[in-house]
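*Asks:* Provided herewith is a single structure, encoded as structure tokens, for subsequent inquiry.
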Amino acid sequence: MIIRFSFIDIESALAHVDFGFTTTFYAIMAVIFGIILLIVILSTRIKYIKIEENEVLIKNILGEVKRFPTLSLKYQKNIIDVFEYLLVGGGQLILNFPNELPIVLNCVPRIHSKSKRLDDLLGYLSITK
């Protein structure tokens, strides 16, 4: 038994179907998808990192917060791009937390002043009674 499909019948059946979507509908859908895509890109790319005496806070623009202790924090600064360093004094800062994946901060402006402030901040240990 041979089953044959006729594509001409399918084409003629679909030719008479009117989906009824206008260009306005497609424009609105494109704007909605564009806004969703922009929110997703911004939420994954933009992070705010605040380093204090006792913890490191990593905040996302949507409100997600990760906290790490600074007790055994180690960092490494790298100057990868010479032109970036000459323009803004920028470099790469890698934060290594114990039992966590390292956090890489690319294009940190004025890397030497930031690493000096980080040394001063991490070198200070407050002991209270």
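A note on labels: chains of the structure tokens are A, B, ... as shown, every chain counts residues from 1, and ligands are counted from 1 in their shown order.
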Excluding range 88-101 of chain A and residues on its chain fewer than 2 positions from it, collect all residues at most 8 Å away from it, counting only C-alpha atoms, and give them as a list of chain:residue names.
*Replies:*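 With the cut-off at 8 Å, the set is A:Phe68, A:Thr70, A:Ser72, A:Leu73, A:Lys74, A:Tyr75, A:Gln76, A:Lys77, A:Asn78, A:Ile79, A:Ile80, A:Asp81, A:Glu84, A:Tyr85, A:Leu86, A:Ile103, A:Val104, A:Leu105, A:Asn106, A:Cys107, A:Val108, A:Pro109, A:Arg110, A:Ile111, A:His112.
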*Asks:* So that I can see what lies close to range 35-51 of chain A, please list as JSON, numbers by chain the residues with an atom at most 6 Å from it, counting only C-alpha atoms and leaving out residues fewer than 4 positions away in the same chain.
*Replies:* {"A": [56, 57, 58, 59, 60, 61]}
*Asks:* Any chance you could list, as JSON, numbers by chain, the residues in range 16-129 of chain A that come up strand (DSSP E or B) when DSSP is run on the backbone?
*Replies:* {"A": [47, 48, 49, 50, 51, 55, 56, 57, 58, 59, 60, 65, 66, 67, 68, 69, 74, 75, 76, 77, 78, 91, 92, 93, 94, 95, 96, 103, 104, 105, 106, 107, 108]}
*Asks:* Quick one: DSSP helix (DSSP H, G or I) residues in chain A, as an NGL selection string?
*Replies:* :A and (7-15 or 23-45 or 82-88 or 111-122)
*Asks:* How many Å separate CA of Val65 in chain A from CA of Lys114 in chain A?
*Replies:*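 Going from CA of Val65 in chain A over to CA of Lys114 in chain A covers 22.0 Å.
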*Asks:* One decimal, in Å: what's the spacing between CA of Met29 in chain A and CA of Ala13 in chain A?
*Replies:* 27.1 Å
*Asks:* Would you mind reading off the distance between CA of Leu87 in chain A and CA of Leu121 in chain A, one decimal, in Å?
*Replies:* 26.4 Å
